[in-house]
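Printed here is protein-v8.txt (compact mmCIF, C-alpha atoms):
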# COMPACT_ATOMS: atom_id res chain seq x y z
CA MET A 1 42.87 -15.48 3.71
CA THR A 2 41.10 -18.81 3.29
CA LYS A 3 37.56 -18.95 2.04
CA GLY A 4 36.38 -20.14 5.50
CA LYS A 5 38.10 -17.27 7.34
CA GLN A 6 36.74 -14.77 4.82
CA GLN A 7 33.24 -16.10 5.44
CA THR A 8 33.67 -15.80 9.23
CA THR A 9 34.93 -12.23 8.85
CA ASN A 10 31.96 -11.37 6.68
CA ASP A 11 29.58 -12.92 9.21
CA LYS A 12 31.14 -10.85 12.00
CA LYS A 13 30.91 -7.70 9.93
CA GLN A 14 27.27 -8.48 9.26
CA GLN A 15 26.57 -9.05 12.96
CA ARG A 16 28.29 -5.77 13.86
CA ALA A 17 26.26 -3.98 11.24
CA ILE A 18 23.02 -4.99 12.92
CA MET A 19 24.14 -4.55 16.53
CA LEU A 20 22.13 -1.94 18.38
CA THR A 21 24.15 0.87 19.94
CA PRO A 22 23.48 1.93 23.57
CA LYS A 23 21.78 5.04 22.18
CA GLU A 24 19.53 2.96 19.97
CA LEU A 25 18.67 0.60 22.81
CA GLU A 26 17.54 3.60 24.84
CA ARG A 27 15.85 5.40 21.98
CA TYR A 28 13.73 2.39 21.02
CA SER A 29 13.33 0.93 24.51
CA ARG A 30 9.58 1.52 24.62
CA GLN A 31 8.96 -0.47 21.46
CA ILE A 32 11.58 -3.09 22.32
CA GLN A 33 9.36 -3.72 25.35
CA LEU A 34 6.73 -5.11 22.98
CA PRO A 35 7.18 -8.88 23.40
CA ASP A 36 6.67 -9.65 19.72
CA LEU A 37 9.14 -6.98 18.65
CA GLY A 38 12.02 -7.05 21.15
CA GLU A 39 15.67 -6.52 20.28
CA LYS A 40 15.38 -9.04 17.48
CA GLY A 41 12.68 -7.01 15.77
CA GLN A 42 14.59 -3.79 16.34
CA LYS A 43 17.67 -5.28 14.68
CA ALA A 44 15.50 -6.42 11.79
CA LEU A 45 14.23 -2.86 11.39
CA LYS A 46 17.78 -1.51 11.44
CA ASN A 47 18.73 -4.07 8.84
CA THR A 48 16.00 -2.99 6.43
CA THR A 49 15.92 -0.61 3.49
CA ALA A 50 12.45 0.70 2.73
CA LEU A 51 11.53 2.35 -0.55
CA VAL A 52 8.78 4.95 -0.25
CA SER A 53 7.18 5.94 -3.53
CA GLY A 54 5.44 9.28 -3.15
CA VAL A 55 6.32 11.70 -0.37
CA GLY A 56 3.04 13.49 0.19
CA GLY A 57 0.50 13.37 2.99
CA LEU A 58 0.63 9.59 2.83
CA GLY A 59 4.21 8.72 1.87
CA GLY A 60 5.85 11.47 3.90
CA THR A 61 3.99 10.47 7.05
CA THR A 62 4.66 6.79 6.41
CA ALA A 63 8.37 7.60 6.09
CA LEU A 64 8.23 9.56 9.34
CA TYR A 65 6.85 6.62 11.30
CA LEU A 66 9.34 4.23 9.77
CA ALA A 67 12.14 6.63 10.68
CA VAL A 68 11.09 7.04 14.30
CA ALA A 69 10.71 3.25 14.54
CA GLY A 70 14.37 2.87 13.56
CA ILE A 71 14.29 1.60 10.00
CA GLY A 72 17.85 1.29 8.71
CA LYS A 73 17.48 3.18 5.48
CA LEU A 74 14.76 5.05 3.62
CA ILE A 75 14.80 5.67 -0.10
CA LEU A 76 12.33 8.46 -0.81
CA VAL A 77 11.23 8.83 -4.42
CA ARG A 78 9.14 11.80 -5.50
CA GLY A 79 9.61 14.32 -8.25
CA GLY A 80 8.36 17.88 -8.17
CA GLY A 81 8.21 20.75 -5.73
CA LEU A 82 6.16 21.69 -2.72
CA ARG A 83 2.93 23.68 -3.20
CA LEU A 84 1.17 25.76 -0.61
CA ASP A 85 -1.93 23.59 -0.89
CA ASP A 86 0.18 20.56 0.14
CA MET A 87 0.70 22.05 3.56
CA ASN A 88 -2.55 20.84 5.14
CA ARG A 89 -1.18 17.29 5.26
CA GLN A 90 2.54 17.14 4.53
CA ILE A 91 3.98 17.19 8.00
CA LEU A 92 7.64 16.87 6.98
CA MET A 93 7.47 20.19 5.14
CA SER A 94 7.73 23.79 6.33
CA ASP A 95 6.12 26.98 5.11
CA ASP A 96 9.39 28.44 3.85
CA TRP A 97 9.93 25.44 1.56
CA VAL A 98 7.02 26.10 -0.80
CA GLY A 99 8.28 26.04 -4.38
CA LYS A 100 11.37 23.98 -3.56
CA THR A 101 12.13 20.29 -4.11
CA ARG A 102 9.89 18.40 -1.75
CA VAL A 103 11.88 15.22 -1.26
CA THR A 104 14.97 17.15 -0.13
CA LYS A 105 13.01 18.77 2.69
CA ALA A 106 11.63 15.38 3.70
CA GLN A 107 15.20 14.08 3.94
CA GLU A 108 16.28 17.09 6.01
CA THR A 109 13.38 16.79 8.45
CA LEU A 110 13.83 13.06 8.90
CA ASN A 111 17.55 13.53 9.51
CA GLN A 112 16.75 16.05 12.25
CA ILE A 113 14.22 13.75 13.89
CA ASN A 114 16.34 10.60 13.74
CA PRO A 115 19.94 11.05 12.55
CA ASP A 116 20.58 7.32 12.95
CA VAL A 117 18.41 6.58 9.93
CA GLU A 118 20.01 6.88 6.51
CA VAL A 119 17.73 8.79 4.15
CA GLU A 120 18.29 8.90 0.42
CA ALA A 121 16.25 11.47 -1.49
CA ILE A 122 15.54 10.92 -5.17
CA ALA A 123 13.74 13.81 -6.85
CA GLU A 124 12.21 11.65 -9.56
CA TYR A 125 8.98 9.81 -10.17
CA ILE A 126 8.90 6.04 -10.50
CA THR A 127 9.51 5.23 -14.17
CA PRO A 128 10.07 2.08 -16.23
CA GLU A 129 13.73 3.12 -16.38
CA ASN A 130 14.40 3.51 -12.65
CA VAL A 131 11.95 1.15 -10.96
CA ASP A 132 13.92 -2.10 -11.14
CA ALA A 133 17.11 -0.62 -9.71
CA LEU A 134 15.16 1.06 -6.90
CA VAL A 135 13.31 -2.10 -5.95
CA GLN A 136 16.40 -4.29 -6.19
CA ARG A 137 18.24 -2.29 -3.57
CA SER A 138 15.27 -2.22 -1.22
CA ASP A 139 13.85 -4.85 1.08
CA ILE A 140 10.30 -3.55 1.11
CA ALA A 141 8.33 -0.95 -0.83
CA LEU A 142 5.59 1.37 0.30
CA SER A 143 3.27 2.35 -2.50
CA CYS A 144 2.07 5.88 -1.74
CA ALA A 145 2.20 7.64 -5.12
CA HIS A 146 -0.59 9.92 -6.30
CA ASN A 147 -1.25 8.10 -9.56
CA PHE A 148 -1.83 4.63 -10.97
CA PRO A 149 1.10 4.36 -13.42
CA GLU A 150 3.68 4.67 -10.63
CA ARG A 151 1.74 2.25 -8.45
CA ASP A 152 1.49 -0.31 -11.27
CA LEU A 153 5.18 -0.01 -12.11
CA LEU A 154 6.14 -0.53 -8.48
CA ASN A 155 3.80 -3.50 -8.12
CA ALA A 156 5.20 -5.22 -11.20
CA ALA A 157 8.80 -4.62 -10.12
CA CYS A 158 8.10 -5.92 -6.62
CA VAL A 159 6.65 -9.09 -8.13
CA ARG A 160 9.65 -9.42 -10.47
CA TRP A 161 12.15 -9.04 -7.65
CA GLN A 162 10.13 -10.80 -4.96
CA LYS A 163 9.93 -7.80 -2.67
CA PRO A 164 6.94 -7.18 -0.42
CA MET A 165 4.90 -4.05 -1.01
CA VAL A 166 2.40 -2.22 1.16
CA GLU A 167 -0.33 -0.75 -1.02
CA ALA A 168 -2.07 2.22 0.55
CA ALA A 169 -4.36 4.62 -1.28
CA MET A 170 -7.08 7.10 -0.49
CA ASN A 171 -9.80 9.18 -2.02
CA SER A 172 -11.49 11.92 -0.01
CA MET A 173 -12.53 10.36 3.34
CA GLU A 174 -12.02 6.78 2.15
CA ALA A 175 -8.89 4.68 2.04
CA TYR A 176 -7.72 1.13 1.61
CA LEU A 177 -4.67 -0.87 2.57
CA THR A 178 -3.20 -4.27 1.84
CA THR A 179 0.17 -5.97 2.13
CA ILE A 180 1.42 -7.78 -0.93
CA VAL A 181 3.97 -10.57 -0.75
CA PRO A 182 4.71 -11.69 -4.32
CA HIS A 183 3.52 -15.19 -5.15
CA GLN A 184 2.03 -15.62 -1.69
CA THR A 185 -0.71 -13.01 -1.84
CA PRO A 186 -2.62 -11.38 -4.68
CA CYS A 187 -0.81 -8.44 -6.24
CA LEU A 188 -2.27 -5.03 -7.09
CA SER A 189 -3.07 -6.19 -10.61
CA CYS A 190 -5.00 -9.22 -9.24
CA LEU A 191 -7.00 -6.79 -7.17
CA PHE A 192 -7.69 -4.26 -9.93
CA PRO A 193 -6.83 -5.51 -13.43
CA GLU A 194 -7.59 -2.08 -14.87
CA LYS A 195 -7.47 1.42 -13.48
CA PRO A 196 -9.91 4.29 -13.95
CA ASN A 197 -9.08 7.79 -15.14
CA TRP A 198 -7.62 9.61 -12.17
CA ASP A 199 -7.32 13.30 -11.41
CA ARG A 200 -5.15 13.64 -8.33
CA ARG A 201 -6.56 17.04 -7.46
CA ALA A 202 -10.23 16.22 -8.03
CA PHE A 203 -11.02 15.29 -4.43
CA GLY A 204 -10.72 16.86 -1.03
CA VAL A 205 -8.23 15.58 1.51
CA LEU A 206 -7.72 16.06 5.22
CA GLY A 207 -4.28 15.58 6.70
CA ALA A 208 -5.75 13.45 9.46
CA VAL A 209 -7.09 11.02 6.85
CA SER A 210 -3.85 10.62 4.89
CA GLY A 211 -2.04 10.50 8.25
CA THR A 212 -4.27 7.73 9.58
CA LEU A 213 -3.63 5.67 6.49
CA ALA A 214 0.09 6.44 6.70
CA CYS A 215 0.32 5.18 10.27
CA LEU A 216 -1.41 1.95 9.29
CA SER A 217 0.85 1.65 6.27
CA ALA A 218 4.01 2.07 8.34
CA LEU A 219 2.62 -0.41 10.84
CA GLU A 220 2.09 -2.99 8.10
CA ALA A 221 5.74 -2.63 7.07
CA ILE A 222 6.93 -2.87 10.68
CA LYS A 223 4.83 -6.00 11.23
CA LEU A 224 6.20 -7.64 8.12
CA ILE A 225 9.80 -6.77 9.04
CA THR A 226 9.68 -7.72 12.71
CA GLY A 227 7.12 -10.51 12.79
CA LEU A 228 4.93 -8.48 15.14
CA GLY A 229 1.20 -9.16 14.90
CA LYS A 230 -0.61 -10.21 11.77
CA PRO A 231 -0.15 -8.23 8.53
CA LEU A 232 -2.96 -7.71 6.06
CA LEU A 233 -1.91 -10.56 3.79
CA GLY A 234 -4.62 -11.44 1.26
CA GLN A 235 -6.95 -8.93 2.84
CA LEU A 236 -7.97 -5.41 1.95
CA LEU A 237 -8.75 -3.09 4.82
CA ASN A 238 -11.36 -0.74 3.39
CA MET A 239 -12.00 2.36 5.44
CA ASP A 240 -14.67 5.02 5.42
CA LEU A 241 -13.25 7.49 7.89
CA ALA A 242 -16.20 9.89 7.61
CA ASN A 243 -18.43 7.26 9.16
CA VAL A 244 -15.68 5.29 10.96
CA GLU A 245 -16.53 2.11 9.06
CA PHE A 246 -13.75 -0.46 8.67
CA HIS A 247 -14.15 -3.65 6.66
CA LYS A 248 -11.67 -6.41 5.92
CA LEU A 249 -12.29 -7.90 2.49
CA HIS A 250 -10.82 -11.15 1.24
CA LEU A 251 -8.51 -10.98 -1.76
CA TYR A 252 -7.71 -13.81 -4.14
CA LYS A 253 -4.87 -14.41 -6.56
CA ASP A 254 -6.01 -14.13 -10.14
CA PRO A 255 -4.53 -17.09 -12.04
CA ASP A 256 -4.74 -15.01 -15.22
CA CYS A 257 -3.07 -11.96 -13.70
CA PRO A 258 -0.68 -10.47 -16.29
CA VAL A 259 1.75 -9.51 -13.52
CA CYS A 260 1.86 -12.51 -11.17
CA GLY A 261 -0.34 -15.14 -12.83
CA LYS A 262 0.78 -18.43 -14.31
CA GLU A 263 1.68 -17.04 -17.72
CA ALA A 264 3.58 -14.11 -16.25
CA GLU A 265 5.43 -16.46 -13.91
CA GLY A 266 6.55 -18.59 -16.84
CA ALA A 267 7.63 -15.55 -18.82
CA GLU A 268 9.60 -14.09 -15.92
CA GLY A 269 11.69 -17.25 -15.74
CA THR A 270 14.84 -16.77 -13.73
CA LEU A 271 13.71 -13.58 -12.01
CA ASN A 272 11.12 -15.45 -9.97
CA HIS A 273 13.58 -17.61 -8.13
CA GLY A 274 13.74 -18.48 -4.49
CA LYS A 275 10.14 -18.42 -3.36
CA GLY A 276 10.91 -18.49 0.34
CA GLU A 277 8.57 -19.48 3.13
CA ARG A 278 9.28 -16.30 5.03
CA PRO A 279 7.23 -13.37 3.85
CA PHE A 280 10.10 -11.02 4.54
CA ALA A 281 13.84 -11.48 4.40
CA PRO A 282 16.08 -8.38 4.35
CA THR A 283 18.88 -8.62 1.86
CA THR A 284 20.99 -5.66 2.93
CA THR A 285 23.04 -5.32 6.06
CA ASN A 286 25.14 -2.21 5.94
CA HIS A 287 23.39 0.59 7.76
CA MET B 1 -33.97 -9.52 -0.42
CA ALA B 2 -33.10 -6.31 1.44
CA VAL B 3 -29.40 -5.65 1.03
CA LYS B 4 -27.23 -2.83 2.37
CA VAL B 5 -24.98 -1.35 -0.31
CA LEU B 6 -21.87 0.63 0.64
CA ILE B 7 -21.36 3.38 -1.91
CA PRO B 8 -17.86 4.80 -2.48
CA THR B 9 -17.33 8.56 -2.68
CA PRO B 10 -17.13 8.81 -6.51
CA LEU B 11 -20.60 7.26 -6.81
CA GLN B 12 -22.27 9.18 -4.02
CA LYS B 13 -23.36 11.90 -6.41
CA PHE B 14 -25.92 9.35 -7.62
CA THR B 15 -27.13 8.54 -4.09
CA ASN B 16 -27.71 12.05 -2.85
CA ASN B 17 -24.38 11.85 -0.99
CA GLN B 18 -25.46 8.80 0.97
CA ALA B 19 -22.66 6.37 1.83
CA THR B 20 -25.09 3.47 2.29
CA ILE B 21 -28.41 2.66 0.71
CA GLU B 22 -30.83 -0.24 1.03
CA CYS B 23 -31.75 -2.08 -2.15
CA ASN B 24 -33.37 -5.31 -3.19
CA GLY B 25 -32.19 -8.15 -5.38
CA GLY B 26 -31.86 -11.91 -5.37
CA ASN B 27 -28.46 -11.63 -6.99
CA ILE B 28 -25.93 -8.96 -7.97
CA ASP B 29 -27.46 -8.38 -11.41
CA GLU B 30 -30.82 -7.68 -9.82
CA LEU B 31 -29.23 -5.52 -7.16
CA ILE B 32 -27.53 -3.34 -9.77
CA ASP B 33 -30.83 -2.95 -11.63
CA SER B 34 -32.50 -1.99 -8.36
CA LEU B 35 -29.72 0.50 -7.69
CA GLU B 36 -30.28 2.06 -11.12
CA ILE B 37 -33.99 2.49 -10.44
CA ASN B 38 -33.26 4.22 -7.13
CA CYS B 39 -30.20 6.14 -8.32
CA PRO B 40 -30.46 6.79 -12.07
CA GLY B 41 -27.11 6.86 -13.85
CA ILE B 42 -25.21 4.73 -11.35
CA LYS B 43 -25.31 1.51 -13.37
CA SER B 44 -23.22 2.87 -16.23
CA ARG B 45 -20.56 3.83 -13.71
CA ILE B 46 -20.49 0.34 -12.21
CA CYS B 47 -20.91 -1.69 -15.41
CA ASP B 48 -19.51 -1.49 -18.92
CA ASP B 49 -21.56 -1.64 -22.11
CA THR B 50 -21.92 -5.42 -21.81
CA GLY B 51 -23.42 -5.09 -18.35
CA LYS B 52 -20.39 -6.55 -16.56
CA PRO B 53 -18.79 -4.75 -13.64
CA ARG B 54 -15.91 -2.55 -14.77
CA ARG B 55 -12.49 -4.02 -14.12
CA PHE B 56 -11.35 -1.08 -12.00
CA LEU B 57 -13.90 -1.72 -9.28
CA ASN B 58 -14.81 -4.76 -7.24
CA LEU B 59 -18.05 -5.86 -5.66
CA TYR B 60 -17.92 -7.78 -2.41
CA VAL B 61 -20.79 -9.67 -0.85
CA ASN B 62 -20.06 -9.37 2.83
CA SER B 63 -16.29 -9.87 2.57
CA GLU B 64 -16.11 -12.00 -0.59
CA ASP B 65 -15.21 -10.76 -4.08
CA ILE B 66 -17.94 -11.74 -6.55
CA ARG B 67 -15.27 -12.44 -9.21
CA PHE B 68 -14.38 -15.50 -7.17
CA LEU B 69 -18.00 -16.44 -6.48
CA ASP B 70 -20.55 -16.44 -9.31
CA ASN B 71 -19.85 -12.95 -10.61
CA THR B 72 -23.10 -11.06 -11.12
CA ASP B 73 -25.07 -14.29 -10.61
CA THR B 74 -23.86 -14.37 -7.00
CA ALA B 75 -26.93 -14.92 -4.84
CA LEU B 76 -27.89 -12.46 -2.14
CA SER B 77 -29.68 -13.07 1.14
CA ASP B 78 -31.60 -10.78 3.41
CA GLY B 79 -29.21 -8.71 5.48
CA ASP B 80 -26.22 -9.14 3.18
CA GLU B 81 -23.87 -6.21 2.79
CA VAL B 82 -22.47 -5.37 -0.64
CA SER B 83 -19.38 -3.16 -0.85
CA ILE B 84 -18.42 -1.38 -4.05
CA VAL B 85 -14.68 -0.70 -3.97
CA PRO B 86 -13.07 1.22 -6.85
CA ALA B 87 -9.34 1.47 -7.44
CA VAL B 88 -8.04 4.75 -6.02
CA ALA B 89 -4.61 6.35 -6.08
CA GLY B 90 -4.67 9.26 -3.68
CA GLY B 91 -1.49 9.69 -1.71
Would you put the structure from the file into structure tokens?
Amino acid sequence: MTKGKQQTTNDKKQQRAIMLTPKELERYSRQIQLPDLGEKGQKALKNTTALVSGVGGLGGTTALYLAVAGIGKLILVRGGGLRLDDMNRQILMSDDWVGKTRVTKAQETLNQINPDVEVEAIAEYITPENVDALVQRSDIALSCAHNFPERDLLNAACVRWQKPMVEAAMNSMEAYLTTIVPHQTPCLSCLFPEKPNWDRRAFGVLGAVSGTLACLSALEAIKLITGLGKPLLGQLLNMDLANVEFHKLHLYKDPDCPVCGKEAEGAEGTLNHGKGERPFAPTTTNH
Amino acid sequence: MAVKVLIPTPLQKFTNNQATIECNGGNIDELIDSLEINCPGIKSRICDDTGKPRRFLNLYVNSEDIRFLDNTDTALSDGDEVSIVPAVAGG
């Protein structure tokens, strides 16, 4: 086969891979009705692999809304088992699963809700050893872990590999959210150069609070993928849900940021190639 | 200058569980001193030993980060709103 014919065949395969089936057209018809989403946005969702770090009240619910929206593939990353005191907010879990591997149950539930979505379950935490490979095979990351080290590792890897990341975090009745596009917006390290001591069980949490943040987090990803609306680029949505106070705060790139600043950019060298104009460009096609 | 300060949950133990308090100050330095008078102990949570805001929390005047204004010299006007936003990691 000539190189030209091979290319054409590959293009056709790629087009087939992102065609919507009659079932999908019906399943997603209510969101395809949204003028800024349409079939084009739905295909973009199908063509996207999303990495979700943390599968708790926040990450699990974020994954759920990405799955029902028709994301192509989810990679769920979360070590550890399910505890009874997780059950006030972790809506992918069931009572009989307490003590078992949490991420496996999330995969099972998501498969039942939307079998058209591929769900990969990785019962590990984000580590320096696994983060680059996970980010490289994803198009977008959702930062929902319950600790700063995993969040910082994911942020740095997303900057290295030029992958957008939705940063969502909460504490008690408060939460914040921003969408990071490497080298276009500030990164997590620009926002908070250092992190405080953190005890993940030292605060109360309501499922409706983590769920609210999760819905907004999934929505940010959907907006970035489909072009719908206006994502929170360079802005932090700060929320006090006890008093229903929402504020959008302006964020700025820190030129001295050790992750995405000038010196880091120089040191990263070849990894920081291809700074595209589009904030989002899926790299995978086979779902 | 009367300024409304939005207090995050971890600092509300110093404000009698109030999420907002009114303070005075012509700039951020003065505001933090005023906060300390009204809510003893809060300053050491906001600032390090040198008196600078800790690097795991940000102060915003209205919607602007003081790190990109004049830091703690950032001037305040009557009716301004100052948000204290610490890094959090709950998921």
Notebook entry, point to check: For the point (2.8, 2.8, 11.8) in file coordinates, what residues are within 10 Å, counting all atoms listed in the file? Give the answer as a list in words?
Noted result: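 Checked against the point, the hits come out as Thr61, Thr62, Ala63, Leu64, Tyr65, Leu66, Val68, Ala69, Gly211, Thr212, Leu213, Ala214, Cys215, Leu216, Ser217, Ala218, Leu219, Glu220, Ala221, Ile222 and Lys223 of chain A.
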Note to self: With all atoms listed in the file considered, list every residue of chain B at most 8 Å from chain A, as a PyMOL selection string.
What the structure shows: chain B and resi 8-9+55-58+60+62-65+68+87-91
Next item on the list: Quote the spacing between atom CA of Met87 of chain A and atom CA of Leu237 of chain A in Å to one decimal place.
Entry: 26.9 Å
Check: Please, what distance in Å, to one decimal, runs between atom CA of Gln90 of chain A and atom CA of Met239 of chain A?
Finding: 20.8 Å
Check: Which value, in Å to one decimal, gives the distance between atom CA of Leu224 of chain A and atom CA of Asp152 of chain A?
Finding: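 Interatomic distance here is 21.3 Å.
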Notebook entry, point to check: Which neighbours of Ile7 of chain B fall inside 9 Å, counting all atoms listed in the file, when residues of the same chain fewer than 3 positions from it are skipped, and could you give them as a VMD selection string?
Noted result: chain B and resid 10 to 12 15 18 to 21 82 to 85
Put a box with edges along x, y and z around all the listed atoms of segment 31-40 of chain B, pad it by 8 Å on each side, then give me its centre and sizes in Å, one decimal, as lines of an AutoDock Vina configuration file.
center_x = -30.8
center_y = 0.6
center_z = -9.6
size_x = 22.5
size_y = 28.3
size_z = 20.9
Margin query: I'd like the contact shell of segment 36-51 of chain B - 6 Å cut-off, all atoms listed in the file, skipping same-chain residues fewer than 3 positions apart - returned as a list in words.
Written below: Phe14, Thr15, Asp33 and Arg54 of chain B
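Using all atoms listed in the file, the shortest contact distance between Val3 of chain B and any of B:Ser34, B:Asp29, B:Glu81, B:Pro86 is found at B:Glu81.
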Margin query: When you look at Gly80 of chain A with a cut-off of 12 Å (counting all atoms listed in the file), what residues show up, excluding the ones that are within fewer than 6 positions of it in the same chain? I need them as an MDAnalysis selection string.
Written below: chainID A and resid 54:56 86 98:105 122:125
Next item on the list: Counting all atoms listed in the file, find the residues whose atoms lie at most 12 Å from (6.3, -10.5, 20.8) (file coordinates) and write them out as a list in words.
Entry: Gln31, Ile32, Gln33, Leu34, Pro35, Asp36, Leu37, Gly38, Glu39, Lys40, Gly41, Gln42, Lys223, Thr226, Gly227, Leu228, Gly229 and Lys230 of chain A
Note to self: Report as number ranges by chain all protein, DNA and RNA residues lying within 10 Å of Ala2 of chain B, evaluated on only C-alpha atoms, omitting residues in the same chain fewer than 6 positions from it.
What the structure shows: B: 22-26, 31, 76-81
Could you please take those selected residues and save C-alpha atoms as a compact mmCIF listing (two decimals), in the frame of the given file?
# COMPACT_ATOMS: atom_id res chain seq x y z
CA GLU B 22 -30.83 -0.24 1.03
CA CYS B 23 -31.75 -2.08 -2.15
CA ASN B 24 -33.37 -5.31 -3.19
CA GLY B 25 -32.19 -8.15 -5.38
CA GLY B 26 -31.86 -11.91 -5.37
CA LEU B 31 -29.23 -5.52 -7.16
CA LEU B 76 -27.89 -12.46 -2.14
CA SER B 77 -29.68 -13.07 1.14
CA ASP B 78 -31.60 -10.78 3.41
CA GLY B 79 -29.21 -8.71 5.48
CA ASP B 80 -26.22 -9.14 3.18
CA GLU B 81 -23.87 -6.21 2.79
